[in-house]
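Asker: Input file: entry-v7.cif. Contents: mmCIF, C-alpha atoms and all ligand atoms.
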data_protein
loop_
_atom_site.label_atom_id
_atom_site.label_comp_id
_atom_site.auth_asym_id
_atom_site.auth_seq_id
_atom_site.Cartn_x
_atom_site.Cartn_y
_atom_site.Cartn_z
CA MET A 1 -6.69 -7.93 71.46
CA ASN A 2 -9.25 -5.63 69.93
CA LEU A 3 -9.22 -3.25 67.00
CA THR A 4 -8.75 -0.07 69.06
CA ASN A 5 -5.71 -1.42 70.90
CA LEU A 6 -4.22 -2.85 67.73
CA GLN A 7 -4.64 0.48 65.93
CA ARG A 8 -2.92 2.19 68.85
CA ILE A 9 0.03 -0.23 68.77
CA LEU A 10 0.43 0.28 65.02
CA SER A 11 -0.43 3.97 64.98
CA ASP A 12 2.98 5.32 63.96
CA LEU A 13 3.36 2.93 61.00
CA PHE A 14 2.46 4.11 57.51
CA LEU A 15 -0.32 1.53 57.02
CA GLY A 16 -3.78 1.62 55.46
CA PRO A 17 -6.93 0.80 57.44
CA VAL A 18 -6.81 -2.18 59.81
CA ARG A 19 -9.38 -4.95 60.42
CA TYR A 20 -9.09 -7.28 63.40
CA PHE A 21 -10.91 -10.59 63.95
CA ASP A 22 -10.91 -12.81 67.05
CA SER A 23 -11.63 -15.68 64.67
CA ILE A 24 -11.89 -15.88 60.89
CA GLY A 25 -11.59 -18.49 58.14
CA SER A 26 -8.50 -17.01 56.50
CA THR A 27 -7.07 -13.48 56.58
CA ASN A 28 -6.00 -13.98 52.95
CA ALA A 29 -9.59 -14.81 51.96
CA GLU A 30 -10.81 -11.72 53.83
CA ALA A 31 -8.14 -9.66 52.06
CA ALA A 32 -9.40 -10.92 48.68
CA ARG A 33 -12.96 -9.82 49.56
CA TRP A 34 -11.79 -6.44 50.83
CA ALA A 35 -9.55 -5.86 47.81
CA GLU A 36 -12.57 -6.51 45.57
CA GLU A 37 -14.56 -3.93 47.56
CA GLY A 38 -11.77 -1.38 47.02
CA ALA A 39 -9.46 -1.69 50.03
CA PRO A 40 -6.58 0.79 49.68
CA ASP A 41 -2.89 -0.04 49.46
CA LEU A 42 -1.45 -1.39 52.74
CA ALA A 43 -4.81 -2.28 54.25
CA LEU A 44 -4.16 -4.88 56.96
CA ILE A 45 -6.18 -7.82 58.25
CA VAL A 46 -5.12 -9.46 61.51
CA ALA A 47 -6.71 -12.48 63.20
CA ASP A 48 -6.16 -14.19 66.52
CA GLU A 49 -7.45 -17.52 65.14
CA GLN A 50 -7.91 -18.88 61.62
CA THR A 51 -10.29 -21.79 61.11
CA ALA A 52 -9.39 -22.29 57.44
CA GLY A 53 -5.89 -20.82 57.21
CA ARG A 54 -4.29 -21.40 53.82
CA GLY A 55 -0.75 -22.61 53.27
CA ARG A 56 1.18 -22.99 50.04
CA MET A 57 0.30 -25.69 47.54
CA GLY A 58 -3.25 -26.02 48.86
CA ARG A 59 -2.08 -27.02 52.33
CA ARG A 60 -3.83 -26.04 55.56
CA TRP A 61 -2.18 -23.45 57.83
CA TYR A 62 -2.70 -24.08 61.51
CA THR A 63 -3.63 -20.97 63.60
CA PRO A 64 -5.17 -21.85 66.98
CA PRO A 65 -6.34 -18.94 69.19
CA GLY A 66 -3.91 -17.02 71.40
CA ALA A 67 -0.72 -18.63 70.04
CA ALA A 68 0.27 -17.33 66.61
CA LEU A 69 0.45 -14.28 64.39
CA ALA A 70 -1.70 -14.44 61.25
CA PHE A 71 -2.08 -11.39 59.07
CA SER A 72 -2.48 -10.25 55.48
CA LEU A 73 -1.42 -7.03 53.86
CA ILE A 74 -3.09 -5.78 50.68
CA LEU A 75 -0.64 -4.39 48.14
CA ARG A 76 -1.94 -2.36 45.19
CA PRO A 77 0.27 -2.99 42.15
CA GLU A 78 0.46 0.68 41.17
CA HIS A 79 2.26 1.39 44.47
CA LEU A 80 4.89 -1.33 44.13
CA PRO A 81 8.33 -0.22 42.92
CA ILE A 82 8.77 -3.42 40.88
CA LEU A 83 5.34 -3.34 39.24
CA SER A 84 4.29 0.25 38.70
CA ALA A 85 6.05 0.72 35.35
CA LYS A 86 4.48 -2.28 33.62
CA GLN A 87 1.54 -3.42 35.67
CA ALA A 88 0.78 -6.41 33.46
CA ASP A 89 4.19 -7.89 34.11
CA LEU A 90 3.37 -10.10 37.07
CA SER A 91 6.11 -12.59 36.42
CA LEU A 92 7.13 -15.47 38.61
CA ALA A 93 10.21 -13.41 39.50
CA VAL A 94 8.02 -10.60 40.89
CA LEU A 95 5.82 -13.02 42.84
CA THR A 96 8.89 -14.72 44.29
CA ARG A 97 10.30 -11.34 45.29
CA LEU A 98 7.08 -10.46 47.13
CA VAL A 99 7.23 -13.76 48.96
CA ALA A 100 10.82 -12.88 49.89
CA LEU A 101 9.61 -9.46 51.09
CA GLY A 102 7.40 -11.23 53.63
CA ALA A 103 10.13 -13.67 54.67
CA LEU A 104 12.79 -10.95 54.98
CA ALA A 105 10.42 -8.78 57.05
CA VAL A 106 9.79 -11.70 59.42
CA CYS A 107 13.56 -12.29 59.78
CA ASP A 108 14.37 -8.61 60.44
CA GLY A 109 11.31 -8.14 62.66
CA LEU A 110 12.20 -11.19 64.76
CA GLU A 111 15.77 -10.00 65.17
CA ALA A 112 14.70 -6.47 66.14
CA TYR A 113 12.15 -7.85 68.61
CA ALA A 114 14.73 -10.16 70.20
CA HIS A 115 17.36 -7.41 70.29
CA ALA A 116 14.96 -5.04 72.10
CA ARG A 117 14.64 -7.74 74.78
CA SER A 118 18.39 -8.43 75.03
CA SER A 119 18.00 -11.77 73.26
CA SER A 120 19.16 -12.96 69.90
CA LEU A 121 18.29 -15.46 67.18
CA GLN A 122 19.42 -16.07 63.60
CA PRO A 123 16.47 -16.49 61.28
CA GLN A 124 17.07 -17.76 57.75
CA ILE A 125 15.00 -18.03 54.59
CA LYS A 126 14.45 -21.41 53.03
CA TRP A 127 13.99 -20.24 49.47
CA PRO A 128 11.50 -19.09 48.47
CA ASN A 129 9.15 -18.61 51.40
CA ASP A 130 9.83 -20.29 54.74
CA VAL A 131 11.51 -18.70 57.73
CA LEU A 132 13.68 -21.13 59.67
CA VAL A 133 15.47 -20.88 62.98
CA GLY A 134 17.88 -23.66 63.86
CA GLY A 135 16.72 -25.61 60.79
CA ARG A 136 13.07 -25.62 61.88
CA LYS A 137 10.21 -23.71 60.27
CA LEU A 138 8.87 -20.84 62.31
CA ALA A 139 6.89 -18.83 59.73
CA GLY A 140 5.45 -19.07 56.23
CA VAL A 141 4.41 -16.60 53.55
CA LEU A 142 1.64 -16.92 50.99
CA VAL A 143 1.23 -14.34 48.21
CA GLU A 144 -2.00 -14.38 46.19
CA SER A 145 -3.01 -12.13 43.30
CA HIS A 146 -6.51 -10.83 42.54
CA TRP A 147 -7.63 -10.01 39.04
CA LYS A 148 -10.54 -8.36 37.26
CA GLY A 149 -10.30 -9.79 33.76
CA ASP A 150 -6.69 -9.22 32.76
CA ARG A 151 -6.21 -6.30 35.18
CA MET A 152 -4.50 -7.04 38.47
CA LEU A 153 -6.50 -5.49 41.29
CA ALA A 154 -4.28 -6.32 44.21
CA LEU A 155 -1.82 -8.70 45.77
CA THR A 156 -2.24 -10.19 49.21
CA LEU A 157 0.84 -10.86 51.28
CA GLY A 158 -0.18 -13.33 53.99
CA ILE A 159 2.16 -14.17 56.85
CA GLY A 160 1.82 -16.78 59.57
CA ILE A 161 4.27 -16.94 62.51
CA ASN A 162 4.36 -19.67 65.16
CA VAL A 163 4.73 -17.73 68.41
CA ALA A 164 3.72 -19.97 71.35
CA PRO A 165 4.20 -23.78 71.46
CA LEU A 166 0.46 -24.35 70.83
CA SER A 167 0.88 -22.83 67.37
CA ILE A 168 3.12 -25.70 66.23
CA PRO A 169 0.96 -28.04 64.15
CA PRO A 170 0.43 -31.62 65.32
CA GLU A 171 3.24 -33.97 64.23
CA ASP A 172 1.11 -35.76 61.62
CA GLU A 173 0.40 -32.46 59.83
CA LEU A 174 4.04 -31.43 59.55
CA THR A 175 5.82 -31.63 56.21
CA PHE A 176 8.98 -30.06 57.70
CA PRO A 177 10.23 -29.80 61.32
CA ALA A 178 8.67 -26.79 63.06
CA THR A 179 9.37 -24.53 66.02
CA CYS A 180 8.01 -21.33 67.55
CA VAL A 181 9.43 -17.99 68.72
CA GLU A 182 8.89 -18.71 72.42
CA ALA A 183 10.78 -22.01 72.19
CA ILE A 184 13.69 -20.23 70.50
CA LEU A 185 13.84 -17.26 72.87
CA GLY A 186 12.97 -19.29 75.95
CA LYS A 187 10.49 -16.70 77.20
CA ALA A 188 6.96 -15.39 76.68
CA VAL A 189 6.56 -13.26 73.57
CA ASP A 190 4.36 -10.20 73.12
CA ARG A 191 2.74 -11.08 69.78
CA TRP A 192 1.58 -7.55 69.05
CA SER A 193 4.96 -6.01 69.64
CA LEU A 194 6.45 -8.67 67.34
CA LEU A 195 3.80 -7.82 64.72
CA ARG A 196 4.81 -4.18 64.94
CA HIS A 197 8.49 -5.04 64.36
CA VAL A 198 7.67 -7.28 61.38
CA LEU A 199 5.43 -4.64 59.77
CA THR A 200 8.09 -1.96 60.31
CA ALA A 201 10.61 -4.13 58.43
CA LEU A 202 8.06 -4.92 55.74
CA LEU A 203 7.34 -1.27 55.04
CA TYR A 204 11.08 -0.54 54.93
CA TRP A 205 11.85 -3.31 52.41
CA ARG A 206 8.73 -2.69 50.31
CA ASN A 207 10.21 0.64 49.26
CA LYS A 208 13.45 -1.08 48.30
CA LEU A 209 11.96 -4.03 46.41
CA ALA A 210 13.61 -3.02 43.15
CA ASP A 211 17.05 -2.40 44.70
CA GLN A 212 20.03 -4.73 44.72
CA ALA A 213 20.20 -4.06 48.49
CA PHE A 214 17.00 -6.06 48.76
CA ILE A 215 18.48 -9.04 46.90
CA GLN A 216 21.65 -8.79 49.01
CA ALA A 217 19.69 -8.77 52.27
CA TRP A 218 17.64 -11.73 51.04
CA GLU A 219 20.76 -13.63 49.98
CA SER A 220 22.46 -12.98 53.30
CA ARG A 221 19.55 -14.81 54.96
CA LEU A 222 19.53 -17.77 52.61
CA ALA A 223 19.44 -21.13 54.41
CA TYR A 224 21.69 -24.03 53.25
CA LYS A 225 24.15 -21.83 51.35
CA GLY A 226 27.09 -24.04 50.31
CA GLN A 227 25.09 -27.15 51.16
CA THR A 228 23.55 -29.75 48.89
CA VAL A 229 19.77 -29.78 48.68
CA THR A 230 17.16 -31.66 46.72
CA ILE A 231 14.47 -29.70 44.97
CA THR A 232 11.16 -30.95 43.66
CA ALA A 233 9.58 -28.45 41.31
CA LEU A 234 6.11 -28.68 39.79
CA VAL A 235 6.29 -28.15 36.05
CA SER A 236 3.65 -25.46 35.45
CA GLY A 237 0.60 -26.41 33.41
CA ASP A 238 1.57 -30.01 33.93
CA ALA A 239 1.17 -32.59 36.68
CA ARG A 240 4.82 -33.60 36.34
CA GLU A 241 7.43 -33.04 39.00
CA GLU A 242 11.08 -32.34 38.29
CA HIS A 243 13.81 -33.38 40.70
CA LEU A 244 17.11 -31.64 41.04
CA GLU A 245 20.00 -32.04 43.44
CA GLY A 246 22.65 -29.39 43.81
CA GLU A 247 24.72 -27.14 46.02
CA ILE A 248 23.11 -23.76 46.79
CA LEU A 249 25.36 -20.98 45.50
CA GLY A 250 23.12 -17.96 46.17
CA LEU A 251 20.72 -15.77 44.22
CA ASN A 252 21.03 -14.16 40.81
CA PRO A 253 20.29 -10.40 40.47
CA SER A 254 16.56 -11.08 40.04
CA GLY A 255 16.28 -13.38 43.05
CA ALA A 256 16.35 -16.75 41.26
CA LEU A 257 18.09 -19.53 43.18
CA ARG A 258 21.52 -20.50 41.81
CA LEU A 259 22.64 -24.11 42.25
CA ARG A 260 25.56 -26.19 41.07
CA ASP A 261 24.26 -29.55 39.92
CA SER A 262 26.06 -32.89 40.09
CA LEU A 263 27.63 -32.27 36.65
CA GLY A 264 29.13 -29.01 37.86
CA ASP A 265 26.74 -26.87 35.80
CA VAL A 266 25.18 -23.77 37.35
CA VAL A 267 21.38 -23.83 37.07
CA THR A 268 18.91 -21.15 38.15
CA LEU A 269 15.46 -21.83 39.48
CA GLN A 270 12.66 -19.28 39.32
CA SER A 271 9.64 -21.06 40.60
CA GLY A 272 7.28 -20.57 43.48
CA GLU A 273 6.11 -24.19 43.44
CA VAL A 274 9.10 -25.99 44.88
CA HIS A 275 9.96 -28.23 47.82
CA LEU A 276 13.50 -27.70 49.01
CA ARG A 277 15.15 -30.12 51.40
CA PRO A 278 18.72 -30.44 52.71
CA VAL A 279 20.40 -33.68 51.71
CA ASP A 280 21.46 -35.72 54.72
CA ARG A 281 24.82 -37.08 53.53
CA SER A 282 25.06 -39.37 56.54
CA LYS A 283 22.16 -41.43 55.10
CA LYS A 284 23.83 -41.97 51.74
C1 LIG A 301 3.12 -21.69 53.96
O1 LIG A 301 2.54 -22.69 53.50
O2 LIG A 301 4.23 -21.76 54.47
C2 LIG A 301 2.46 -20.34 53.88
C3 LIG A 301 1.61 -20.08 55.08
C4 LIG A 301 0.94 -18.74 55.07
C5 LIG A 301 -0.03 -18.60 56.24
C6 LIG A 301 -0.59 -17.21 56.36
S1 LIG A 301 -1.41 -16.97 57.92
C7 LIG A 301 -2.05 -15.46 57.35
C8 LIG A 301 -2.46 -15.66 55.91
N1 LIG A 301 -3.82 -16.20 55.84
C9 LIG A 301 -3.85 -17.43 55.33
O3 LIG A 301 -4.88 -18.11 55.18
N2 LIG A 301 -2.60 -17.83 55.05
C10 LIG A 301 -1.61 -16.81 55.32
#
Could you quickly redo this structure as C-alpha cells?
Ligand code: BTN
Answerer:
Amino acid sequence: MNLTNLQRILSDLFLGPVRYFDSIGSTNAEAARWAEEGAPDLALIVADEQTAGRGRMGRRWYTPPGAALAFSLILRPEHLPILSAKQADLSLAVLTRLVALGALAVCDGLEAYAHARSSSLQPQIKWPNDVLVGGRKLAGVLVESHWKGDRMLALTLGIGINVAPLSIPPEDELTFPATCVEAILGKAVDRWSLLRHVLTALLYWRNKLADQAFIQAWESRLAYKGQTVTITALVSGDAREEHLEGEILGLNPSGALRLRDSLGDVVTLQSGEVHLRPVDRSKK
C-alpha cells in the first residue's frame, strides 16, 4: 500500500487528512504527536507494521507487516455529540462509549465486508473493548486522550484487527484465545477494503454516539449475555483489584455493564480497566 492508493480507496468517506506508514512504532503515538501539531478532526493514521504497538493496560499489541490492520483516528472533542456541550466532562462513561464506537464499527464493518463477499460471521463485543468471533479475540480498541493543561485537545481511537494468520500473536503472548479474519472466513481478505467498511461504520455510529440506538446496537453485540463471567477490575488510584462474578444482563442507558451477582443483586460496572472472562462451569 501507499498513501496515494489508500487515499483513493477512502476518497468517498468524510475523513480528515490521511497519513500512511509502511512501518511505525505505534499509530496511536503518531496520532498524539499529530494532534499536538493541530491535526483536524477525523485525521487518520494507518500503518502496515507497528514495532511498538500499544494494547490496553500497558500491554504490547502485535502488528507484523502485511498481516493486520492497525490505524488510529483523531477525534476532536468539540465535534463529538457526547462531548460538545460540556467539553470538560470526559467521564469514564464517555471513554467507554468511544471504545464501544471502535468495537461496534469493527463488528459492523466485518459483517458488511463478509456480506459483500457472500460470506457471513457473527462478531461480538466482549465489554468493553474486544471484538470476538467464535469466542476468540479478533480485534482490540485503545482510546487515549490528549490534554493541554486541563483542556482536552483530542482523543485517539486506535484499532487493531488480526486479518491474516501471521497477525495472531505467539501463544506465550496471548492473554485470551485469538483468531483472525481469514481463519474465520476461510479465504484471503483484502485488508484495505475491510478498512473502508470499518471506517464507514465508524463514521455512521460517531454521529449517533449520544442516541439510544447506539446503546441498543452495542448491547445487541454483547458477548456472554445470560452467561456467568468473572470480572477483575482495577480500583482507580489504587493498586487493588476487585473480583466479581455474575450473570451478564446487558447494558444500562449509559453503556455500563449490568450483572446479577451471586446474591441476586443487580450491579453496574463503569470501568475501562477490567478483565472479563466466561466462567467454565464444567471446571467447578
Ligand atoms: C487491546 O489491548 O485490545 C487494544 C489494542 C489496540 C491496538 C491498536 S493498533 C492501532 C493503534 N495503535 C496502537 O499502538 N494501538 C492501537
Asker: Show me a table, sorted first by chain and then by increasing residue number, of the residues of chain A having an atom at most 6 Å from ligand LIG 301 (chain A), each with its shortest atom pair and the distance in Å to one decimal, counting only C-alpha atoms and all ligand atoms and written as a tab-separated table.
Answerer:
residue	atom	partner	partner_atom	distance
A:Ser26	CA	A:LIG301	O3	4.0
A:Thr27	CA	A:LIG301	N1	4.3
A:Asn28	CA	A:LIG301	N1	4.2
A:Gly53	CA	A:LIG301	O3	3.5
A:Arg54	CA	A:LIG301	O3	3.6
A:Gly55	CA	A:LIG301	O1	3.3
A:Arg56	CA	A:LIG301	O1	3.7
A:Trp61	CA	A:LIG301	C5	5.5
A:Ala70	CA	A:LIG301	C7	4.0
A:Phe71	CA	A:LIG301	C7	4.4
A:Ser72	CA	A:LIG301	C8	5.4
A:Asp130	CA	A:LIG301	O2	5.8
A:Gly140	CA	A:LIG301	O2	3.4
A:Val141	CA	A:LIG301	C2	4.2
A:Leu142	CA	A:LIG301	C4	4.5
A:Gly158	CA	A:LIG301	C8	3.8
A:Ile159	CA	A:LIG301	C6	4.1
A:Gly160	CA	A:LIG301	S1	3.6
Asker: Just give me the gap between CA of Ile231 (chain A) and CA of Val106 (chain A) in Å, one decimal is fine.
Answerer: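 Distance reported for this atom pair: 23.6 Å.
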Asker: Nearest to Lys126 (chain A): which of A:Leu13, A:Leu157, A:Ala32, A:Leu104 is it, counting only C-alpha atoms?
Answerer: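 Once distances to Lys126 (chain A) are computed over only C-alpha atoms, the minimum belongs to A:Leu104.
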Asker: As an exercise, work out the distance from CA of Trp127 (chain A) to CA of Val229 (chain A) in Å and give it to one decimal place.
Answerer: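 Between CA of Trp127 (chain A) and CA of Val229 (chain A) the gap works out to 11.2 Å.
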Asker: Could you name the residues that touch region 35-40 of chain A at 10 Å or less, counting all atoms listed in the file, but leaving out those on the same chain fewer than 3 positions away, as an NGL selection string?
Answerer: :A and (15-17 or 29-32 or 43-44 or 74-76 or 146-148 or 153-156)
Asker: Could you tell me which of A:Ile248, A:Leu222, A:Leu185, A:Asp12 comes closest to His115 (chain A) if we count all atoms listed in the file?
Answerer: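 Looking only at the distances to His115 (chain A), the closest residue turns out to be A:Leu185.
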Asker: Report the distance between CA of Ile125 (chain A) and CA of Ala47 (chain A) in Å, rounded to one decimal place.
Answerer: 24.0 Å
Asker: Hey, which bits of region 70-124 of chain A sit within 7 Å of region 255-277 of chain A, and for each residue what's the closest pair of atoms and how far apart in Å (one decimal), counting all atoms listed in the file, rows by chain and increasing number, as JSON lines?
Answerer:
{"residue": "A:Leu92", "atom": "CA", "partner": "A:Ser271", "partner_atom": "CA", "distance": 6.4}
{"residue": "A:Ala93", "atom": "CA", "partner": "A:Gln270", "partner_atom": "CA", "distance": 6.4}
{"residue": "A:Thr96", "atom": "CA", "partner": "A:Gly272", "partner_atom": "CA", "distance": 6.1}
{"residue": "A:Arg97", "atom": "CA", "partner": "A:Gly255", "partner_atom": "CA", "distance": 6.7}
Asker: For Ala139 (chain A), which residue out of A:Thr230, A:Asn207, A:Ser119, A:Asn162 is the nearest one, using all atoms listed in the file?
Answerer: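 Closest candidate: A:Asn162.
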Asker: Just the residues within 8 Å of Pro81 (chain A), please, counting only C-alpha atoms, with nothing from its chain fewer than 5 positions along; format it as a PyMOL selection string.
Answerer: chain A and resi 206-210
Asker: Mind writing the picked residues with C-alpha atoms as a CSV table (one decimal), in the frame of the given file?
Answerer:
chain,number,residue,atom,x,y,z
A,206,ARG,CA,8.7,-2.7,50.3
A,207,ASN,CA,10.2,0.6,49.3
A,208,LYS,CA,13.4,-1.1,48.3
A,209,LEU,CA,12.0,-4.0,46.4
A,210,ALA,CA,13.6,-3.0,43.2
Asker: Have a look at A:Phe214, A:Trp192, A:Tyr224, A:Trp205 and name the one nearest to Leu10 (chain A); count all atoms listed in the file.
Answerer: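 Between A:Phe214, A:Trp192, A:Tyr224, A:Trp205, the residue approaching Leu10 (chain A) most closely is A:Trp192.
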Asker: Between A:Val198, A:Val99, A:Ile82, A:Leu73, which one has atoms that come closest to Leu42 (chain A), using only C-alpha atoms?
Answerer: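 Distance minimum relative to Leu42 (chain A) lands on A:Leu73.
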